[in-house]
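Reading through the structure tokens given below for one structure.
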Amino acid sequence: MRFTLKEYQNKAVSNILRTLGYAREDWHGRQRRTAFALSSTTGSGKTVIAATVIEALLHGSDEFDVHADSSAVVLWVSKDPALNAQTKSRFIECADRIPTGDLVLLDKSYTDDSLQTGTVYFINPDKLGKNADFVKHTDERHFTFWEILANTIKDPDKTLYMVLDEAHEGMKEQSGGEATLVQRIINGNGVNPAVPIVLGVSATVKRFDQAMEKSQAFTKETNVVIDPKDVQDSGLLKNALALDIPDEDGNFSTSMIRDATIDFVELCEVWDAYCDEQGIDPVVPLMVAQIPNKSSGNKDTERGRQEEDQIIHTVLETIRKHWRDMPEGCVAHVLSDRATIEIGSYEIPKIAPQDVEHDHRIRILLAKDAVSTGWDCPRAEVLVSLRPAKEDTYVTQLLGRMVRTPLAQQTSVERLNEASCYLPYFDKGTATVIAEEIMGMREPRSGERSAAVAKVMLKPVTLSRNQDVPDEVFSLVESLPSFAKPAATPKPINRILKAAQALAQDDLVPAADKLAHEGMFAVLDSAMAANKHAVEKAAKQIMTADVRRLLVTRGENEASESTTQRDADAATVDDALRHLRRLITASVVNRYLSRNMQAAINEAVDGGESPSSVDITAIRAQVAALGLINVNVQNLVEDAADAQVRLWLSTKATAIAKLPDSRKPTYEAIQTMAREPEQVAIEIKTDERVDSVDTDRTPLPTEKKHLLSTPQGDYPLEARMAKNQWECATIRHELRLDTLQGWYRNPSAASQHSLRIPHKSGDAWKSVQPDFVFVHKIDGQLLPSIIDPHGAHLGDSGPKLKALAEYADKLGDKFDRIIAVGIRKGNVLYGLDLKKPNIRRAVYESPADTDSIMRLYEDYGTGYTTVPE
């Protein structure tokens, strides 16, 4: 896999592989069929997750601890041949261990009697219609698709894994009860058998779930579901969408096309400057102009075409007027009912939606419905939609295709982390509905969450570092102890190998890979020397294979048994090595073996002997013995790997911070692969885009002295915060104190911009981001305080309170106050002062259920501030 997966993607891959493993056993063991789905929002990288799963199925994976399934055949079913072609290209791009020749677009040219193992086949149902050649016998092809599929399923040496892309498609009940082609592939049709294993992939799996639960042929397993918040926090999606909508009734289409063009041209310049500064390939932004459908009475008439041509001409002339350097031939369209369009001086070719992303000649795309679903174009940055308000669902779906980040990560320039949408025919109420659907504040009317964006802005403003706040306050906040949450399933050896690769690539640690392996080899050498006799004994056992022989004599009731020994062959020793490889990875074991073998050969040559005199099998057995002695070699190697990575990350922190944005996610991923919490820096943004109005376009309240502000020193309180009485009361209480020098609304997402406090909830690591950091000047010294207003009645209040208490226990001396605000009596908010040892002790001893947390505040809480009645 060429890509470094996000944590949520790794978790999804692991869970899918586990379920597929059980499904394979169930199929071959008792002919039990399995169905389940991967459910996640648009933009979460579902195709990359699926590609990683399939690569591990076909070729094994040390990272996910799975062996290759030599029986595996994968059938990828998608509704559209263009989507299959796009998916195949994506597999080639990211799954580098799957040979291109093993990715096959399946069609009527296929003549074998069954599908072949180790291969991924892509097909769409249109190739299987009643009149399609692929379902007929011909002189060249003696087997239909259905016979090929049946032969594959019935072959005991094959396991057919079917992946249904956009799993809601083809699962809708038909009038008359007739099965769709997708359903016939899955369930069989009375003649053909049902497939053994089905993995659905979709943003909305309700229809798939219902169909599979009704099917008597399948056992429906629990779906693998990705939390939209994890996707929002990953950097794969833009931070925000800006919706520009008229404040009053009227025809604003031309003016908004103008504004969209000016915005687009400026954005192109910002991207050019950013890419030049970062030293990366240029990002070529795309502007999408969505025109309305023809009226029902004019769909196939000359008049309808002329009206549409007039709209297109107006759009392009307006764009050209405000984009002086508009290149020739930069316009294309995806209108299904039109070929090449010639209007005035414009010749506009038609292009398939999936080809837009990689054709950088195209800068302006004319569209209707074709790009609403199944289209992947991360460089789409600006949309102007001339559709009427009643067609707002089309806009919502299209925005779901536009929220991907062009670089698959956030940038340090906030303007590049958002997409813009100009909607001249939408009113205030419609804009509110769209904004709240996209942000997850209301259920989508289409039933599908097409985008997972945390912030939709109707009147954005840019915040930068507040000039009224002293630089020392910024430095203090950025130096506060913050800790990355450890990995769910930490793998320190994989971590050091990734760190070594990254540090060497960035010229920060020369020969880092060699140093990493030598450090682990030293641990293995030490373990071998310290346990010499145990290693020799285990190696001897490996080198001899016990052979049991049973002899049954005619007329006797019992068999006699005898045991003999014979020398082990290379395959027997390799079996023993597999255990050590699983413990400390194949990379470390194989290179350790090579080093030891070469050392033995060099010693033989220096002693005047032939290299052939070296007993290679004995060396391999000796190394394999390390995994069998009564010493936890895995822990020893992992401890050394962890220590080395911590040393590298701490000593190279300043240099890593200066790397281009494109390299930052690699090191953030390495940080999160730790076994225990490790301290990381807090990076306060240099600029941030926020809204200045709520979803009803009412101006948001503002406050002073926040570290980020408008040029006037104002910080707009986001809508959720403005409605939160406790948070507003906390801010105003601290602002009333003359000692306040500045404050920071700690981002709720665990990222490099937030103060993070990891804690364990059961066996899982979670991260708390307390709401506020306030910095006061007391007796001439700047001192930070953490104030966290969080209701004691909330379900996560117990774990969050204990995490804050533990943080205060270890690091409280760095703060003036650490206060958890948890209950309200009348108009007074009460908090726990977690710098006091007796209060921390009470928190630790509490059962942490809601009632006991409430009692803590009753017994130990003191008045913090008041809330207006």
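By convention in this document, the chains of the structure tokens carry letters A, B, ... by their order, each chain's residues are numbered from 1, and ligands are numbered from 1 in the order they are shown.
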Please report, as a PDB file with N, CA, C and O atoms, in the first residue's frame, each residue of range 359-531 of chain A to which DSSP assigns strand (DSSP E or B) when run on this structure's backbone.
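Below is the file that was written, out09.pdb:
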ATOM      1  N   ILE A 364     -13.156  25.050 -16.281  1.00  0.00           N
ATOM      2  CA  ILE A 364     -14.576  25.353 -16.096  1.00  0.00           C
ATOM      3  C   ILE A 364     -15.375  24.144 -16.568  1.00  0.00           C
ATOM      4  O   ILE A 364     -15.210  23.693 -17.706  1.00  0.00           O
ATOM      5  N   LEU A 365     -16.236  23.617 -15.701  1.00  0.00           N
ATOM      6  CA  LEU A 365     -17.032  22.445 -16.053  1.00  0.00           C
ATOM      7  C   LEU A 365     -18.513  22.803 -15.987  1.00  0.00           C
ATOM      8  O   LEU A 365     -19.011  23.264 -14.946  1.00  0.00           O
ATOM      9  N   LEU A 366     -19.228  22.576 -17.082  1.00  0.00           N
ATOM     10  CA  LEU A 366     -20.670  22.776 -17.130  1.00  0.00           C
ATOM     11  C   LEU A 366     -21.352  21.457 -16.806  1.00  0.00           C
ATOM     12  O   LEU A 366     -21.002  20.409 -17.370  1.00  0.00           O
ATOM     13  N   ALA A 367     -22.325  21.498 -15.891  1.00  0.00           N
ATOM     14  CA  ALA A 367     -22.930  20.250 -15.419  1.00  0.00           C
ATOM     15  C   ALA A 367     -24.401  20.454 -15.113  1.00  0.00           C
ATOM     16  O   ALA A 367     -24.876  21.584 -14.955  1.00  0.00           O
ATOM     17  N   ALA A 380     -12.156  20.320  -7.463  1.00  0.00           N
ATOM     18  CA  ALA A 380     -13.332  21.181  -7.598  1.00  0.00           C
ATOM     19  C   ALA A 380     -13.412  22.084  -6.372  1.00  0.00           C
ATOM     20  O   ALA A 380     -13.593  21.625  -5.255  1.00  0.00           O
ATOM     21  N   GLU A 381     -13.274  23.382  -6.572  1.00  0.00           N
ATOM     22  CA  GLU A 381     -13.153  24.325  -5.463  1.00  0.00           C
ATOM     23  C   GLU A 381     -14.309  25.323  -5.383  1.00  0.00           C
ATOM     24  O   GLU A 381     -14.652  25.783  -4.304  1.00  0.00           O
ATOM     25  N   VAL A 382     -14.876  25.693  -6.535  1.00  0.00           N
ATOM     26  CA  VAL A 382     -15.931  26.707  -6.563  1.00  0.00           C
ATOM     27  C   VAL A 382     -17.101  26.183  -7.383  1.00  0.00           C
ATOM     28  O   VAL A 382     -16.914  25.641  -8.472  1.00  0.00           O
ATOM     29  N   LEU A 383     -18.303  26.350  -6.845  1.00  0.00           N
ATOM     30  CA  LEU A 383     -19.530  25.967  -7.539  1.00  0.00           C
ATOM     31  C   LEU A 383     -20.443  27.178  -7.646  1.00  0.00           C
ATOM     32  O   LEU A 383     -20.656  27.895  -6.670  1.00  0.00           O
ATOM     33  N   VAL A 384     -20.971  27.404  -8.841  1.00  0.00           N
ATOM     34  CA  VAL A 384     -22.061  28.356  -8.991  1.00  0.00           C
ATOM     35  C   VAL A 384     -23.225  27.576  -9.591  1.00  0.00           C
ATOM     36  O   VAL A 384     -23.089  26.938 -10.629  1.00  0.00           O
ATOM     37  N   SER A 385     -24.352  27.563  -8.886  1.00  0.00           N
ATOM     38  CA  SER A 385     -25.503  26.768  -9.310  1.00  0.00           C
ATOM     39  C   SER A 385     -26.651  27.686  -9.710  1.00  0.00           C
ATOM     40  O   SER A 385     -27.118  28.499  -8.909  1.00  0.00           O
ATOM     41  N   ARG A 404     -13.699  16.990  -0.823  1.00  0.00           N
ATOM     42  CA  ARG A 404     -12.392  16.360  -0.678  1.00  0.00           C
ATOM     43  C   ARG A 404     -11.278  17.396  -0.834  1.00  0.00           C
ATOM     44  O   ARG A 404     -11.381  18.305  -1.666  1.00  0.00           O
ATOM     45  N   GLU A 418     -11.302  25.190   2.272  1.00  0.00           N
ATOM     46  CA  GLU A 418     -12.746  25.327   2.149  1.00  0.00           C
ATOM     47  C   GLU A 418     -13.150  25.369   0.678  1.00  0.00           C
ATOM     48  O   GLU A 418     -12.336  25.679  -0.197  1.00  0.00           O
ATOM     49  N   ALA A 419     -14.402  25.043   0.400  1.00  0.00           N
ATOM     50  CA  ALA A 419     -14.975  25.170  -0.940  1.00  0.00           C
ATOM     51  C   ALA A 419     -16.056  26.242  -0.899  1.00  0.00           C
ATOM     52  O   ALA A 419     -16.677  26.467   0.149  1.00  0.00           O
ATOM     53  N   SER A 420     -16.288  26.878  -2.038  1.00  0.00           N
ATOM     54  CA  SER A 420     -17.262  27.972  -2.106  1.00  0.00           C
ATOM     55  C   SER A 420     -18.408  27.589  -3.031  1.00  0.00           C
ATOM     56  O   SER A 420     -18.195  26.989  -4.080  1.00  0.00           O
ATOM     57  N   CYS A 421     -19.619  27.986  -2.634  1.00  0.00           N
ATOM     58  CA  CYS A 421     -20.804  27.678  -3.410  1.00  0.00           C
ATOM     59  C   CYS A 421     -21.661  28.933  -3.536  1.00  0.00           C
ATOM     60  O   CYS A 421     -22.037  29.524  -2.522  1.00  0.00           O
ATOM     61  N   TYR A 422     -21.951  29.336  -4.774  1.00  0.00           N
ATOM     62  CA  TYR A 422     -22.747  30.536  -5.045  1.00  0.00           C
ATOM     63  C   TYR A 422     -24.127  30.100  -5.547  1.00  0.00           C
ATOM     64  O   TYR A 422     -24.238  29.388  -6.553  1.00  0.00           O
ATOM     65  N   LYS A 455     -18.336  22.584   9.293  1.00  0.00           N
ATOM     66  CA  LYS A 455     -18.617  24.016   9.313  1.00  0.00           C
ATOM     67  C   LYS A 455     -19.126  24.473   7.944  1.00  0.00           C
ATOM     68  O   LYS A 455     -18.462  24.251   6.929  1.00  0.00           O
ATOM     69  N   VAL A 456     -20.304  25.060   7.933  1.00  0.00           N
ATOM     70  CA  VAL A 456     -20.834  25.709   6.726  1.00  0.00           C
ATOM     71  C   VAL A 456     -20.957  27.195   7.031  1.00  0.00           C
ATOM     72  O   VAL A 456     -21.573  27.584   8.024  1.00  0.00           O
ATOM     73  N   MET A 457     -20.374  28.027   6.188  1.00  0.00           N
ATOM     74  CA  MET A 457     -20.317  29.459   6.457  1.00  0.00           C
ATOM     75  C   MET A 457     -21.162  30.222   5.442  1.00  0.00           C
ATOM     76  O   MET A 457     -21.056  29.994   4.244  1.00  0.00           O
ATOM     77  N   PRO A 460     -18.432  34.316   5.720  1.00  0.00           N
ATOM     78  CA  PRO A 460     -17.150  34.024   6.375  1.00  0.00           C
ATOM     79  C   PRO A 460     -16.284  35.254   6.586  1.00  0.00           C
ATOM     80  O   PRO A 460     -16.341  36.216   5.810  1.00  0.00           O
ATOM     81  N   VAL A 461     -15.499  35.201   7.651  1.00  0.00           N
ATOM     82  CA  VAL A 461     -14.462  36.202   7.906  1.00  0.00           C
ATOM     83  C   VAL A 461     -13.170  35.456   8.215  1.00  0.00           C
ATOM     84  O   VAL A 461     -13.192  34.288   8.616  1.00  0.00           O
ATOM     85  N   THR A 462     -12.067  36.133   8.008  1.00  0.00           N
ATOM     86  CA  THR A 462     -10.764  35.523   8.271  1.00  0.00           C
ATOM     87  C   THR A 462     -10.201  36.043   9.589  1.00  0.00           C
ATOM     88  O   THR A 462     -10.145  37.254   9.822  1.00  0.00           O
ATOM     89  N   LEU A 463      -9.806  35.106  10.437  1.00  0.00           N
ATOM     90  CA  LEU A 463      -9.151  35.449  11.701  1.00  0.00           C
ATOM     91  C   LEU A 463      -7.651  35.259  11.542  1.00  0.00           C
ATOM     92  O   LEU A 463      -7.204  34.322  10.888  1.00  0.00           O
ATOM     93  N   SER A 464      -6.898  36.126  12.157  1.00  0.00           N
ATOM     94  CA  SER A 464      -5.443  35.974  12.194  1.00  0.00           C
ATOM     95  C   SER A 464      -4.981  36.219  13.624  1.00  0.00           C
ATOM     96  O   SER A 464      -5.791  36.457  14.519  1.00  0.00           O
ATOM     97  N   ARG A 465      -3.697  36.167  13.845  1.00  0.00           N
ATOM     98  CA  ARG A 465      -3.192  36.333  15.208  1.00  0.00           C
ATOM     99  C   ARG A 465      -3.523  37.729  15.726  1.00  0.00           C
ATOM    100  O   ARG A 465      -3.242  38.734  15.073  1.00  0.00           O
ATOM    101  N   SER A 482       0.786  18.805  25.915  1.00  0.00           N
ATOM    102  CA  SER A 482      -0.289  18.180  25.163  1.00  0.00           C
ATOM    103  C   SER A 482       0.200  16.814  24.716  1.00  0.00           C
ATOM    104  O   SER A 482       1.392  16.643  24.401  1.00  0.00           O
ATOM    105  N   PHE A 483      -0.687  15.827  24.700  1.00  0.00           N
ATOM    106  CA  PHE A 483      -0.266  14.454  24.455  1.00  0.00           C
ATOM    107  C   PHE A 483      -1.133  13.797  23.397  1.00  0.00           C
ATOM    108  O   PHE A 483      -2.370  13.852  23.465  1.00  0.00           O
ATOM    109  N   ALA A 484      -0.481  13.163  22.412  1.00  0.00           N
ATOM    110  CA  ALA A 484      -1.215  12.443  21.378  1.00  0.00           C
ATOM    111  C   ALA A 484      -1.773  11.152  21.953  1.00  0.00           C
ATOM    112  O   ALA A 484      -1.115  10.474  22.747  1.00  0.00           O
TER     113      ALA A 484
END
Need the shell around Glu328 in chain A: protein/DNA/RNA residues with any atom at most 10 Å away, counting only C-alpha atoms. Skip same-chain ones fewer than 6 positions apart. Format as an mmCIF file with N, CA and C atoms, in the first residue's frame?
data_model
loop_
_atom_site.group_PDB
_atom_site.id
_atom_site.type_symbol
_atom_site.label_atom_id
_atom_site.label_comp_id
_atom_site.auth_asym_id
_atom_site.auth_seq_id
_atom_site.Cartn_x
_atom_site.Cartn_y
_atom_site.Cartn_z
ATOM 1 N N TYR A 346 -17.206 29.703 -28.698
ATOM 2 C CA TYR A 346 -16.880 28.596 -27.790
ATOM 3 C C TYR A 346 -17.167 27.248 -28.442
ATOM 4 N N GLU A 347 -16.219 26.352 -28.358
ATOM 5 C CA GLU A 347 -16.417 24.948 -28.720
ATOM 6 C C GLU A 347 -16.167 24.131 -27.460
ATOM 7 N N ARG A 361 -6.425 20.522 -18.353
ATOM 8 C CA ARG A 361 -6.804 21.581 -19.306
ATOM 9 C C ARG A 361 -8.164 22.155 -18.927
ATOM 10 N N ILE A 362 -8.986 21.351 -18.268
ATOM 11 C CA ILE A 362 -10.346 21.771 -17.939
ATOM 12 C C ILE A 362 -10.314 22.593 -16.655
#
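Using only C-alpha atoms, the residues found no farther than 9 Å from Asp62 in chain A, other than those of its own chain fewer than 3 positions away, are A:Ala56, A:Asp65, A:Val66, A:His67, A:Arg581, A:Arg582, A:Thr585, A:Ala586.
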Keeping only all heavy atoms, write the selected residues as a PDB file, in the first residue's frame.
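As a result, again.pdb now contains:
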ATOM      1  N   ALA A  56      -4.417  -7.074   1.075  1.00  0.00           N
ATOM      2  CA  ALA A  56      -4.054  -7.979   2.182  1.00  0.00           C
ATOM      3  C   ALA A  56      -4.621  -9.377   1.958  1.00  0.00           C
ATOM      4  O   ALA A  56      -3.965 -10.378   2.278  1.00  0.00           O
ATOM      5  CB  ALA A  56      -4.553  -7.403   3.499  1.00  0.00           C
ATOM      6  N   ASP A  65      -1.474  -8.499  10.177  1.00  0.00           N
ATOM      7  CA  ASP A  65      -1.275  -9.851  10.700  1.00  0.00           C
ATOM      8  C   ASP A  65      -2.207 -10.860  10.020  1.00  0.00           C
ATOM      9  O   ASP A  65      -2.916 -11.626  10.673  1.00  0.00           O
ATOM     10  CB  ASP A  65      -1.490  -9.865  12.217  1.00  0.00           C
ATOM     11  CG  ASP A  65      -0.957 -11.154  12.859  1.00  0.00           C
ATOM     12  OD1 ASP A  65      -0.095 -11.792  12.244  1.00  0.00           O
ATOM     13  OD2 ASP A  65      -1.426 -11.502  13.956  1.00  0.00           O
ATOM     14  N   VAL A  66      -2.233 -10.828   8.693  1.00  0.00           N
ATOM     15  CA  VAL A  66      -3.014 -11.810   7.942  1.00  0.00           C
ATOM     16  C   VAL A  66      -2.131 -12.440   6.871  1.00  0.00           C
ATOM     17  O   VAL A  66      -1.244 -11.786   6.303  1.00  0.00           O
ATOM     18  CB  VAL A  66      -4.259 -11.179   7.277  1.00  0.00           C
ATOM     19  CG1 VAL A  66      -5.237 -10.689   8.313  1.00  0.00           C
ATOM     20  CG2 VAL A  66      -3.882 -10.067   6.324  1.00  0.00           C
ATOM     21  N   HIS A  67      -2.372 -13.728   6.631  1.00  0.00           N
ATOM     22  CA  HIS A  67      -1.678 -14.431   5.559  1.00  0.00           C
ATOM     23  C   HIS A  67      -2.478 -14.307   4.272  1.00  0.00           C
ATOM     24  O   HIS A  67      -3.699 -14.105   4.285  1.00  0.00           O
ATOM     25  CB  HIS A  67      -1.507 -15.915   5.913  1.00  0.00           C
ATOM     26  CG  HIS A  67      -0.627 -16.140   7.097  1.00  0.00           C
ATOM     27  ND1 HIS A  67       0.698 -15.797   7.118  1.00  0.00           N
ATOM     28  CD2 HIS A  67      -0.895 -16.681   8.321  1.00  0.00           C
ATOM     29  CE1 HIS A  67       1.228 -16.112   8.283  1.00  0.00           C
ATOM     30  NE2 HIS A  67       0.272 -16.649   9.036  1.00  0.00           N
ATOM     31  N   ARG A 581       8.602 -14.142  13.054  1.00  0.00           N
ATOM     32  CA  ARG A 581       8.219 -13.078  12.128  1.00  0.00           C
ATOM     33  C   ARG A 581       6.927 -12.407  12.575  1.00  0.00           C
ATOM     34  O   ARG A 581       6.755 -11.194  12.436  1.00  0.00           O
ATOM     35  CB  ARG A 581       8.070 -13.632  10.711  1.00  0.00           C
ATOM     36  CG  ARG A 581       9.388 -13.989  10.032  1.00  0.00           C
ATOM     37  CD  ARG A 581       9.157 -14.303   8.560  1.00  0.00           C
ATOM     38  NE  ARG A 581      10.418 -14.616   7.878  1.00  0.00           N
ATOM     39  CZ  ARG A 581      10.824 -15.842   7.560  1.00  0.00           C
ATOM     40  NH1 ARG A 581      10.048 -16.896   7.854  1.00  0.00           N
ATOM     41  NH2 ARG A 581      11.963 -16.028   6.942  1.00  0.00           N
ATOM     42  N   ARG A 582       5.990 -13.207  13.090  1.00  0.00           N
ATOM     43  CA  ARG A 582       4.743 -12.610  13.572  1.00  0.00           C
ATOM     44  C   ARG A 582       4.993 -11.732  14.788  1.00  0.00           C
ATOM     45  O   ARG A 582       4.285 -10.749  15.007  1.00  0.00           O
ATOM     46  CB  ARG A 582       3.726 -13.708  13.912  1.00  0.00           C
ATOM     47  CG  ARG A 582       3.048 -14.321  12.698  1.00  0.00           C
ATOM     48  CD  ARG A 582       1.831 -15.133  13.097  1.00  0.00           C
ATOM     49  NE  ARG A 582       2.175 -16.332  13.844  1.00  0.00           N
ATOM     50  CZ  ARG A 582       2.445 -17.506  13.283  1.00  0.00           C
ATOM     51  NH1 ARG A 582       2.390 -17.642  11.970  1.00  0.00           N
ATOM     52  NH2 ARG A 582       2.753 -18.545  14.026  1.00  0.00           N
ATOM     53  N   THR A 585       8.044  -8.851  13.139  1.00  0.00           N
ATOM     54  CA  THR A 585       7.889  -8.525  11.715  1.00  0.00           C
ATOM     55  C   THR A 585       8.889  -9.269  10.831  1.00  0.00           C
ATOM     56  O   THR A 585      10.022  -9.562  11.233  1.00  0.00           O
ATOM     57  CB  THR A 585       8.022  -7.013  11.414  1.00  0.00           C
ATOM     58  OG1 THR A 585       9.389  -6.626  11.442  1.00  0.00           O
ATOM     59  CG2 THR A 585       7.175  -6.185  12.358  1.00  0.00           C
ATOM     60  N   ALA A 586       8.447  -9.518   9.621  1.00  0.00           N
ATOM     61  CA  ALA A 586       9.284 -10.230   8.651  1.00  0.00           C
ATOM     62  C   ALA A 586      10.513  -9.402   8.286  1.00  0.00           C
ATOM     63  O   ALA A 586      11.604  -9.946   8.083  1.00  0.00           O
ATOM     64  CB  ALA A 586       8.462 -10.527   7.402  1.00  0.00           C
TER      65      ALA A 586
END
Neighbours of Arg675 in chain A within 9 Å (only C-alpha atoms; same-chain residues fewer than 2 positions away dropped), as a list in words?
->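 Here the answer would be Pro486, Ala487, Ala488, Thr489, Pro490, Lys491, Pro492, Asp642, Thr672, Met673, Pro677 and Glu678 of chain A.
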Measure the distance from CA of Arg32 in chain A to CA of Leu75 in chain A in Å and round it to one decimal.
->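 Pair CA of Arg32 in chain A / CA of Leu75 in chain A returns 18.7 Å.
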Show which residues sit within 9 Å of range 834-844 of chain A, as a VMD selection string. Count only C-alpha atoms, and ignore same-chain residues fewer than 5 positions away.
-> chain A and resid 798 801 to 802 804 to 806 808 to 809 812 to 813 815 to 820 853 856 860
Pick out the residues sitting within 12 Å of range 499-515 of chain A, and hand them over as a PyMOL selection string; count only C-alpha atoms, and ignore anything fewer than 5 positions along from it in its own chain.
-> chain A and resi 4+492-494+520-522+587-588+591-592+595+640-642+644-649+651-660+662-674
Residues at most 7 Å from Ala95 in chain A, counting only C-alpha atoms, excluding those fewer than 3 positions away in the same chain, as a ChimeraX atom specification?
-> /A:1-2,51-52,55,91-92,98
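Distances here use only C-alpha atoms; by that measure, the residue among A:Leu38, A:Leu583, A:Arg756, A:Lys766 closest to Asn635 in chain A is A:Leu583.
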